[in-house]
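Text of the file structure_8.txt, holding compact mmCIF, C-alpha atoms:
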```txt
# COMPACT_ATOMS: atom_id res chain seq x y z
CA MET A 115 106.05 90.22 98.77
CA ALA A 116 105.68 93.25 101.06
CA GLN A 117 102.26 94.05 102.44
CA GLU A 118 101.74 97.79 102.95
CA GLY A 119 101.28 98.66 106.60
CA MET A 120 100.38 101.70 108.68
CA PHE A 121 103.95 102.89 109.18
CA THR A 122 106.23 104.79 106.82
CA ARG A 123 110.00 105.21 106.79
CA ASP A 124 111.19 108.12 104.64
CA GLY A 125 107.74 108.24 103.01
CA ILE A 126 107.80 104.55 102.03
CA TYR A 127 105.38 102.12 103.65
CA THR A 128 106.98 99.41 105.79
CA ASP A 129 106.12 95.76 105.31
CA GLU A 130 103.49 95.06 107.93
CA ARG A 131 104.37 91.37 108.08
CA CYS A 132 107.68 92.42 109.72
CA ALA A 133 109.63 89.60 108.05
CA ILE A 134 107.77 86.98 110.12
CA CYS A 135 108.17 83.60 108.44
CA GLY A 136 105.34 81.15 108.69
CA PRO A 137 101.75 81.69 109.78
CA ILE A 138 100.68 85.04 111.22
CA VAL A 139 97.77 86.15 113.34
CA TRP A 140 96.84 89.79 113.74
CA VAL A 141 96.36 91.54 117.04
CA ASN A 142 93.97 94.41 116.36
CA VAL A 143 93.93 97.32 118.81
CA PHE A 144 91.00 99.75 118.71
CA VAL A 145 92.27 103.00 120.21
CA ALA A 146 92.27 105.41 117.26
CA THR A 147 89.48 107.61 118.60
CA PRO A 148 88.98 111.38 118.24
CA GLU A 149 90.39 112.05 121.72
CA ASN A 150 93.61 110.21 120.77
CA ARG A 151 94.05 111.98 117.44
CA ASN A 152 96.31 114.72 118.85
CA LYS A 153 98.78 112.33 120.47
CA THR A 154 102.22 112.13 118.90
CA ASP A 155 103.08 108.89 117.12
CA ALA A 156 105.22 107.81 120.10
CA GLU A 157 102.40 108.64 122.55
CA PHE A 158 99.93 106.76 120.38
CA MET A 159 102.16 103.67 120.33
CA ASP A 160 102.46 103.97 124.13
CA LEU A 161 98.67 103.79 124.24
CA VAL A 162 98.66 100.75 121.93
CA ALA A 163 101.27 99.02 124.11
CA ASP A 164 99.38 99.93 127.31
CA THR A 165 96.15 98.52 125.85
CA ILE A 166 97.82 95.24 124.89
CA HIS A 167 99.53 95.03 128.29
CA ALA A 168 96.20 95.63 130.05
CA ARG A 169 94.65 92.84 127.99
CA ILE A 170 97.48 90.48 128.99
CA ALA A 171 96.80 91.42 132.61
CA LYS A 172 93.08 90.88 131.92
CA LYS A 173 92.25 94.48 132.85
CA ALA A 174 91.23 95.74 129.39
CA PRO A 175 87.75 95.50 127.93
CA LEU A 176 87.40 92.59 125.52
CA GLY A 177 86.39 94.93 122.69
CA SER A 178 89.65 96.90 122.71
CA VAL A 179 91.78 94.03 121.31
CA SER A 180 90.90 91.21 118.91
CA ILE A 181 92.73 88.39 117.12
CA THR A 182 92.00 87.77 113.43
CA PRO A 183 93.61 85.94 110.49
CA GLU A 184 94.00 89.20 108.51
CA PRO A 185 94.83 92.78 109.59
CA MET A 186 91.67 94.72 110.30
CA HIS A 187 93.19 98.19 109.87
CA HIS A 188 92.68 97.94 106.10
CA ARG A 189 88.92 97.77 106.44
CA VAL A 190 88.04 98.93 109.96
CA MET A 191 88.56 102.56 110.82
CA GLY A 192 90.29 103.45 114.07
CA CYS A 193 92.19 100.16 114.32
CA LEU A 194 95.91 99.41 114.33
CA SER A 195 96.82 95.79 113.59
CA LEU A 196 100.11 94.19 114.63
CA PRO A 197 101.34 90.79 113.42
CA ALA A 198 102.19 87.95 115.76
CA ARG A 199 103.58 84.50 115.09
CA GLY A 200 100.89 81.85 115.09
CA ASP A 201 98.23 79.89 113.31
CA PHE A 202 94.81 81.48 113.57
CA TRP A 203 93.03 78.26 112.63
CA ALA A 204 94.62 76.38 115.55
CA PHE A 205 93.75 79.32 117.83
CA ALA A 206 90.11 78.30 118.35
CA LYS A 207 91.12 74.88 119.69
CA PHE A 208 94.03 76.10 121.82
CA ARG A 209 92.84 79.62 122.69
CA ASP A 210 94.11 79.71 126.27
CA LEU A 211 97.48 78.32 125.24
CA TYR A 212 98.09 80.76 122.37
CA LEU A 213 96.39 84.04 123.34
CA ASP A 214 99.04 85.19 125.78
CA GLY A 215 101.82 84.46 123.26
CA PHE A 216 100.06 86.42 120.50
CA LEU A 217 99.56 89.39 122.80
CA ARG A 218 103.16 89.31 124.02
CA ASP A 219 104.47 89.26 120.42
CA ALA A 220 102.27 92.24 119.57
CA LEU A 221 103.35 94.07 122.73
CA GLU A 222 107.01 93.59 121.84
CA LEU A 223 106.36 94.98 118.34
CA ALA A 224 104.31 97.91 119.70
CA LEU A 225 107.21 98.84 121.99
CA PHE A 226 109.65 98.57 119.08
CA TYR A 227 107.44 100.87 116.98
CA GLN A 228 107.11 103.26 119.93
CA GLY A 229 110.90 103.56 120.12
CA GLN A 230 111.18 104.01 116.37
CA CYS A 231 108.50 106.73 116.43
CA ALA A 232 110.16 108.48 119.38
CA ALA A 233 113.49 108.46 117.52
CA GLY A 234 111.83 109.90 114.40
CA LYS A 235 112.74 106.87 112.28
CA ILE A 236 109.17 105.90 111.33
CA GLU A 237 105.78 107.61 111.25
CA ILE A 238 102.22 106.36 111.53
CA ASP A 239 100.03 107.03 108.49
CA ARG A 240 97.58 109.09 110.51
CA VAL A 241 95.32 109.85 107.55
CA ARG A 242 94.67 106.13 107.09
CA LEU A 243 94.51 105.37 110.81
CA PHE A 244 92.04 108.15 111.63
CA ARG A 245 90.29 108.22 108.24
CA PHE A 246 86.75 107.80 109.58
CA PHE A 247 87.16 110.59 112.08
CA HIS A 248 88.96 112.74 109.51
CA LEU A 249 86.13 112.37 107.00
CA ARG A 250 83.45 112.97 109.61
CA SER A 251 85.08 116.14 110.92
CA ASP A 252 85.37 117.50 107.36
CA ALA A 253 81.72 116.71 106.66
CA PHE A 254 80.40 119.08 109.31
```

Let me see the structure of the file written as structure tokens.
Amino acid sequence: MAQEGMFTRDGIYTDERCAICGPIVWVNVFVATPENRNKTDAEFMDLVADTIHARIAKKAPLGSVSITPEPMHHRVMGCLSLPARGDFWAFAKFRDLYLDGFLRDALELALFYQGQCAAGKIEIDRVRLFRFFHLRSDAF
């Protein structure tokens, strides 16, 4: 069954599991901030990819990327979650072995989405992604 994600194609939400069979972990990237709100979808996905790449290179702050068993973008504002192949429950025991693989899977998907956004084939649901900032700016 499809799980509604943050991207739409022709107004229809894409399946955020991306047809990955087997266990999934979620790489959550926290870059949906007010200063990034005016970026195009392609520019925003560049930022997501750059953040993941910086984390792989161990140059990003620990708080900008997290790994969880479920996507956080459904309940945490300003977050974009990308699926990666893997078993979250084995992650704690084999963290050093798996972390790089999870991040590389998410980076590959972020780059794919960046290309799709640049080509105009998919769009980010910006209302959902920036909902906290959207509501706050309307409140004042």

(message) Measuring between only C-alpha atoms, which one of A:Met159, A:Pro197, A:Pro148, A:Leu217 shows the shortest distance to Lys172 (chain A)?
(response)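 Smallest distance to Lys172 (chain A) is found for A:Leu217.
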
(message) List the spatial neighbours of Arg131 (chain A) as a list in words - criterion: any atom at most 9 Å away, all atoms listed in the file, same-chain residues fewer than 2 positions off excluded.
(response)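 Counting only the stated atoms, we get Ala116, Gln117, Glu118, Gly119, Thr128, Asp129, Ala133, Ile134, Cys135, Ile138, Leu196, Pro197 and Ala198 of chain A.
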
(request) Go ahead and compute the interatomic distance for CA of Asn142 (chain A) and CA of Gly192 (chain A), in Å to one decimal. (result)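 Atom-to-atom, CA of Asn142 (chain A) to CA of Gly192 (chain A), that is 10.0 Å.
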
(request) Pick out the closest residue to Thr147 (chain A) from this set: A:Leu221, A:Leu243, A:Ile236, A:Ile170. Count all atoms listed in the file. (result)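 Going through A:Leu221, A:Leu243, A:Ile236, A:Ile170 one by one, the smallest distance to Thr147 (chain A) is for A:Leu243.
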
(request) Go ahead and compute the interatomic distance for CA of Arg245 (chain A) and CA of Phe202 (chain A), in Å to one decimal. (result)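 According to the coordinates, CA of Arg245 (chain A) and CA of Phe202 (chain A) are separated by 27.6 Å.
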
(message) Report as number ranges by chain all protein, DNA and RNA residues lying within 10 Å of Thr154 (chain A), evaluated on only C-alpha atoms, omitting residues in the same chain fewer than 2 positions from it.
(response) A: 150-152, 156-160, 231-232, 237-238

Grab the residues selected above and save them as a compact mmCIF listing (two decimals), in the frame of the given file with C-alpha atoms.
```
# COMPACT_ATOMS: atom_id res chain seq x y z
CA ASN A 150 93.61 110.21 120.77
CA ARG A 151 94.05 111.98 117.44
CA ASN A 152 96.31 114.72 118.85
CA ALA A 156 105.22 107.81 120.10
CA GLU A 157 102.40 108.64 122.55
CA PHE A 158 99.93 106.76 120.38
CA MET A 159 102.16 103.67 120.33
CA ASP A 160 102.46 103.97 124.13
CA CYS A 231 108.50 106.73 116.43
CA ALA A 232 110.16 108.48 119.38
CA GLU A 237 105.78 107.61 111.25
CA ILE A 238 102.22 106.36 111.53
```

(request) Between A:Phe208, A:Phe216, A:Phe121, A:Tyr227, single out the one closest to Ile166 (chain A), counting only C-alpha atoms. (result)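 With only C-alpha atoms as the atom set, the closest residue is A:Phe216.
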
(message) Quick one: residues within 7 Å of Phe244 (chain A), all atoms listed in the file, excluding same-chain residues fewer than 4 positions away - as a PyMOL selection string?
(response) chain A and resi 146+191-192+240+248

(request) Would you mind telling me which residue in A:Glu222, A:Asp239, A:Glu184, A:Glu130 lies nearest to Asp164 (chain A) when using only C-alpha atoms? (result) A:Glu222

(message) Using Å and a single decimal, report how far CA of Val143 (chain A) sits from CA of Leu211 (chain A).
(response) 20.4 Å

(message) Nearest residue to Arg199 (chain A) out of A:Gly136, A:Lys153, A:Pro185, A:Val179, using only C-alpha atoms?
(response) A:Gly136

(request) Check the smallest atom-to-atom distance from each of A:Phe144, A:Ala233, A:Val139, A:Leu161 to Gly215 (chain A) using all atoms listed in the file, then report the winner. (result)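 Using all atoms listed in the file, the shortest distance to Gly215 (chain A) belongs to A:Val139.
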
From the coordinates I just gave you, please extract region 164-233 of chain A so that only C-alpha atoms remain, then output it as a short mmCIF file (atom, residue, chain, number, x, y, z; two decimals), in the first residue's frame.
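Below is the file decode_37.cif, written as the result:
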```
data_model
loop_
_atom_site.label_atom_id
_atom_site.label_comp_id
_atom_site.auth_asym_id
_atom_site.auth_seq_id
_atom_site.Cartn_x
_atom_site.Cartn_y
_atom_site.Cartn_z
CA ASP A 164 24.47 18.84 0.30
CA THR A 165 23.43 18.32 3.94
CA ILE A 166 23.48 14.54 3.59
CA HIS A 167 26.81 14.67 1.76
CA ALA A 168 28.28 16.87 4.50
CA ARG A 169 27.10 14.36 7.09
CA ILE A 170 28.77 11.52 5.16
CA ALA A 171 31.96 13.59 5.14
CA LYS A 172 31.41 14.24 8.87
CA LYS A 173 31.25 18.01 8.33
CA ALA A 174 27.56 18.55 9.17
CA PRO A 175 26.18 19.17 12.64
CA LEU A 176 24.71 16.04 14.18
CA GLY A 177 21.32 17.71 14.58
CA SER A 178 20.81 18.33 10.85
CA VAL A 179 20.32 14.62 9.98
CA SER A 180 18.83 11.76 11.99
CA ILE A 181 17.94 8.10 11.41
CA THR A 182 14.58 6.79 12.63
CA PRO A 183 12.31 3.78 12.02
CA GLU A 184 9.47 6.02 10.73
CA PRO A 185 9.49 9.22 8.62
CA MET A 186 9.58 12.27 10.85
CA HIS A 187 8.19 14.72 8.28
CA HIS A 188 4.64 13.65 9.18
CA ARG A 189 4.97 14.92 12.73
CA VAL A 190 8.00 17.23 12.83
CA MET A 191 7.79 20.52 11.02
CA GLY A 192 10.66 21.60 8.81
CA CYS A 193 11.87 18.05 8.13
CA LEU A 194 12.14 16.06 4.91
CA SER A 195 12.48 12.30 5.37
CA LEU A 196 13.97 9.99 2.75
CA PRO A 197 13.81 6.18 2.88
CA ALA A 198 16.88 3.98 2.84
CA ARG A 199 17.25 0.22 2.78
CA GLY A 200 17.98 -1.20 6.21
CA ASP A 201 16.80 -2.50 9.53
CA PHE A 202 16.56 0.21 12.16
CA TRP A 203 16.56 -2.29 15.00
CA ALA A 204 19.92 -3.74 13.90
CA PHE A 205 21.24 -0.19 13.50
CA ALA A 206 21.99 0.34 17.20
CA LYS A 207 24.26 -2.71 17.30
CA PHE A 208 26.00 -2.07 13.97
CA ARG A 209 25.80 1.74 13.80
CA ASP A 210 29.22 2.34 12.26
CA LEU A 211 28.67 -0.37 9.68
CA TYR A 212 25.23 0.80 8.53
CA LEU A 213 25.19 4.61 8.91
CA ASP A 214 27.23 5.36 5.82
CA GLY A 215 25.06 3.04 3.70
CA PHE A 216 21.84 4.66 4.92
CA LEU A 217 23.18 8.12 4.16
CA ARG A 218 24.41 7.11 0.70
CA ASP A 219 20.99 5.61 -0.17
CA ALA A 220 19.29 8.83 0.94
CA LEU A 221 21.81 10.95 -0.99
CA GLU A 222 21.14 8.97 -4.16
CA LEU A 223 17.38 9.49 -3.70
CA ALA A 224 17.81 13.21 -2.92
CA LEU A 225 19.78 13.63 -6.16
CA PHE A 226 17.10 11.74 -8.08
CA TYR A 227 14.40 14.00 -6.62
CA GLN A 228 16.53 17.06 -7.40
CA GLY A 229 16.68 16.04 -11.05
CA GLN A 230 12.95 15.32 -11.14
CA CYS A 231 12.19 18.72 -9.57
CA ALA A 232 14.54 20.50 -11.99
CA ALA A 233 12.80 18.79 -14.93
#
```
